[in-house]
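Scroll down for the structure; my scribbles are underneath it.
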Amino acid sequence: MPDDSILMHVFDFTVEDLQANKTGRVSERQIAQIRRAHGRVRWVVLSVLGGIALLISVVTGLQTTPAVFLVVLLALSMVCVGALLFLRRGQQNEQRLLRERWVRSARGELQLHRRNSRSADHITIGKKHFTLTPKQHAQLTEYVTAHPERRYYLYYVPDVVRVFSIEPVSSP
């Protein structure tokens with residue numbers, strides 16, 4: 001059905017992913033997607049922290065003695081390593097949740113919410129909230145506007161605030 005392909009595109013899932021989610025599992029493809037995303041986040045964080053540490057080190061190195069420079073460099077390195085370890089632990093915990101927990105579903109109308117000073121773009125179905133990228137929000141707004149009376153099944157894993165798949169169930 002063409003409508004399903006729009007939802008599949010917005011949330012980047014396949015028919016096989018949807019079938020796995022319906023049986024309570026996260027597909028291997030979805031787990032691999034999350035691992036790749038985690039890797040990209042680690043590289044971005046490493047690049048930003050490394051750039052800041054380098055900048056501070058250069059400025060400090062120009063204005064102090066070599067001993068002070070080394071102490072500052074060591075302290076900044078420890079902060080960077082600590083931040084990366086903290087990030088990695090959170091990512092490993094999320095991946096563990098994906099393997100240990102069952103995919104659940106929420107059923108109902110989608111309510112779209114725009115970004116404001118207190119929250120990002122997100123959708124609500126029942127009492128569950130899921131953050132969206134601005135692109136997802138725009139595409140989903142267009143889709144829901146074209147199908148205002150639809151109800152949906154949305155598949156997610158508790159404590160992992162991510163939509164794994166979604167399907168229209170019916171009109172009310």
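Residues in the structure tokens are named by chain (A, B, ... in the order shown) and by number from 1 within that chain; ligands are numbered from 1 in the order shown.
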
With the cut-off set at 10 Å and counting only C-alpha atoms, tabulate each residue of segment 75-166 of chain A with an atom at most that distance from an atom of segment 34-54 of chain A, showing the nearest atom pair and its distance in Å to one decimal, ordered by chain and increasing number, as JSON lines.
```
{"residue": "A:Ala75", "atom": "CA", "partner": "A:Ala53", "partner_atom": "CA", "distance": 9.4}
{"residue": "A:Leu76", "atom": "CA", "partner": "A:Ala53", "partner_atom": "CA", "distance": 5.8}
{"residue": "A:Ser77", "atom": "CA", "partner": "A:Ala53", "partner_atom": "CA", "distance": 7.3}
{"residue": "A:Val79", "atom": "CA", "partner": "A:Leu49", "partner_atom": "CA", "distance": 8.7}
{"residue": "A:Cys80", "atom": "CA", "partner": "A:Leu49", "partner_atom": "CA", "distance": 6.1}
{"residue": "A:Val81", "atom": "CA", "partner": "A:Leu46", "partner_atom": "CA", "distance": 8.8}
{"residue": "A:Ala83", "atom": "CA", "partner": "A:Val45", "partner_atom": "CA", "distance": 8.5}
{"residue": "A:Leu84", "atom": "CA", "partner": "A:Arg42", "partner_atom": "CA", "distance": 7.0}
{"residue": "A:Leu85", "atom": "CA", "partner": "A:Arg42", "partner_atom": "CA", "distance": 9.8}
{"residue": "A:Leu87", "atom": "CA", "partner": "A:Arg42", "partner_atom": "CA", "distance": 7.5}
{"residue": "A:Arg88", "atom": "CA", "partner": "A:Arg42", "partner_atom": "CA", "distance": 7.7}
{"residue": "A:Gly90", "atom": "CA", "partner": "A:His38", "partner_atom": "CA", "distance": 9.9}
{"residue": "A:Gln91", "atom": "CA", "partner": "A:His38", "partner_atom": "CA", "distance": 6.6}
{"residue": "A:Gln92", "atom": "CA", "partner": "A:Arg35", "partner_atom": "CA", "distance": 9.2}
{"residue": "A:Glu94", "atom": "CA", "partner": "A:Ile34", "partner_atom": "CA", "distance": 9.2}
{"residue": "A:Gln95", "atom": "CA", "partner": "A:Arg35", "partner_atom": "CA", "distance": 7.8}
{"residue": "A:Leu98", "atom": "CA", "partner": "A:Ile34", "partner_atom": "CA", "distance": 9.8}
```

Pick out the residues sitting within 10 Å of segment 143-159 of chain A, and hand them over as a PyMOL selection string; count only C-alpha atoms, and ignore anything fewer than 5 positions along from it in its own chain.
chain A and resi 3+6-7+10+18+21-22+24-26+94+97-112+125+128+130+137-138+164-172

Take the residues just selected and output them with C-alpha atoms as an mmCIF file, in the first residue's frame.
```cif
data_model
loop_
_atom_site.group_PDB
_atom_site.id
_atom_site.type_symbol
_atom_site.label_atom_id
_atom_site.label_comp_id
_atom_site.auth_asym_id
_atom_site.auth_seq_id
_atom_site.Cartn_x
_atom_site.Cartn_y
_atom_site.Cartn_z
ATOM 1 C CA ASP A 3 0.597 4.962 2.434
ATOM 2 C CA ILE A 6 5.508 6.810 3.345
ATOM 3 C CA LEU A 7 5.521 5.737 7.000
ATOM 4 C CA VAL A 10 9.692 8.533 7.587
ATOM 5 C CA LEU A 18 7.541 -4.422 11.044
ATOM 6 C CA ASN A 21 8.235 -5.717 15.839
ATOM 7 C CA LYS A 22 4.735 -7.243 15.674
ATOM 8 C CA GLY A 24 7.773 -8.455 19.986
ATOM 9 C CA ARG A 25 11.337 -8.349 18.665
ATOM 10 C CA VAL A 26 13.690 -5.677 17.355
ATOM 11 C CA GLU A 94 20.400 0.945 25.247
ATOM 12 C CA LEU A 97 17.592 -3.060 26.457
ATOM 13 C CA LEU A 98 16.911 -3.726 22.783
ATOM 14 C CA ARG A 99 17.933 -7.359 23.153
ATOM 15 C CA GLU A 100 16.320 -8.004 26.555
ATOM 16 C CA ARG A 101 13.025 -6.166 26.302
ATOM 17 C CA TRP A 102 10.015 -6.926 24.193
ATOM 18 C CA VAL A 103 8.756 -4.509 21.600
ATOM 19 C CA ARG A 104 5.467 -3.060 22.751
ATOM 20 C CA SER A 105 2.746 -1.330 20.800
ATOM 21 C CA ALA A 106 0.604 1.694 21.438
ATOM 22 C CA ARG A 107 -2.660 2.159 19.585
ATOM 23 C CA GLY A 108 -4.585 5.326 18.868
ATOM 24 C CA GLU A 109 -4.527 8.667 17.138
ATOM 25 C CA LEU A 110 -1.233 10.403 16.521
ATOM 26 C CA GLN A 111 -0.922 13.870 17.978
ATOM 27 C CA LEU A 112 1.900 15.955 16.551
ATOM 28 C CA ILE A 125 0.001 8.276 20.968
ATOM 29 C CA LYS A 128 3.568 7.756 25.084
ATOM 30 C CA PHE A 130 8.422 10.070 20.981
ATOM 31 C CA HIS A 137 7.831 15.944 11.895
ATOM 32 C CA ALA A 138 7.255 17.722 8.569
ATOM 33 C CA PHE A 164 10.735 1.335 15.565
ATOM 34 C CA SER A 165 7.770 1.015 13.202
ATOM 35 C CA ILE A 166 4.236 2.237 12.749
ATOM 36 C CA GLU A 167 1.233 1.091 10.760
ATOM 37 C CA PRO A 168 -2.246 2.427 10.131
ATOM 38 C CA VAL A 169 -4.930 0.166 11.565
ATOM 39 C CA SER A 170 -8.173 1.761 10.502
ATOM 40 C CA SER A 171 -10.373 4.750 10.402
ATOM 41 C CA PRO A 172 -12.481 5.202 13.550
#
```

What parts of segment 10-144 of chain A does DSSP call strand (DSSP E)? I'd like the answer as a PyMOL selection string.
chain A and resi 104-108+111-113+122-125+128-131

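Compared by their closest atoms to Arg162 of chain A, and using only C-alpha atoms, the residues A:Val71, A:Val15, A:Gln30, A:Pro134 rank with A:Gln30 nearest.
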
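Excluding Ser27 of chain A and any residue on its chain fewer than 6 positions from it, the residues at most 8 Å away by only C-alpha atoms are Glu16, Asp17, Ala20 and Asn21 of chain A.
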
So that I have them on file, write out the residues from the current selection with N, CA and C atoms, as an mmCIF file, in the first residue's frame.
```cif
data_model
loop_
_atom_site.group_PDB
_atom_site.id
_atom_site.type_symbol
_atom_site.label_atom_id
_atom_site.label_comp_id
_atom_site.auth_asym_id
_atom_site.auth_seq_id
_atom_site.Cartn_x
_atom_site.Cartn_y
_atom_site.Cartn_z
ATOM 1 N N GLU A 16 10.044 -6.417 6.846
ATOM 2 C CA GLU A 16 10.615 -7.423 7.752
ATOM 3 C C GLU A 16 10.768 -6.861 9.166
ATOM 4 N N ASP A 17 11.182 -5.576 9.267
ATOM 5 C CA ASP A 17 11.290 -4.934 10.582
ATOM 6 C C ASP A 17 9.921 -4.892 11.258
ATOM 7 N N ALA A 20 8.929 -8.287 12.564
ATOM 8 C CA ALA A 20 9.668 -8.608 13.797
ATOM 9 C C ALA A 20 9.085 -7.829 14.969
ATOM 10 N N ASN A 21 8.793 -6.555 14.765
ATOM 11 C CA ASN A 21 8.235 -5.717 15.839
ATOM 12 C C ASN A 21 6.871 -6.239 16.278
#
```

Could you go through segment 16-142 of chain A and tell me which residues DSSP, when run on the backbone, assigns to alpha helix (DSSP H), listing them as a ChimeraX atom specification?
/A:16-22,28-63,66-100,134-142

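Closest to Leu73 of chain A among A:Phe86, A:Leu55, A:His113, A:Lys127 is A:Leu55, based on only C-alpha atoms.
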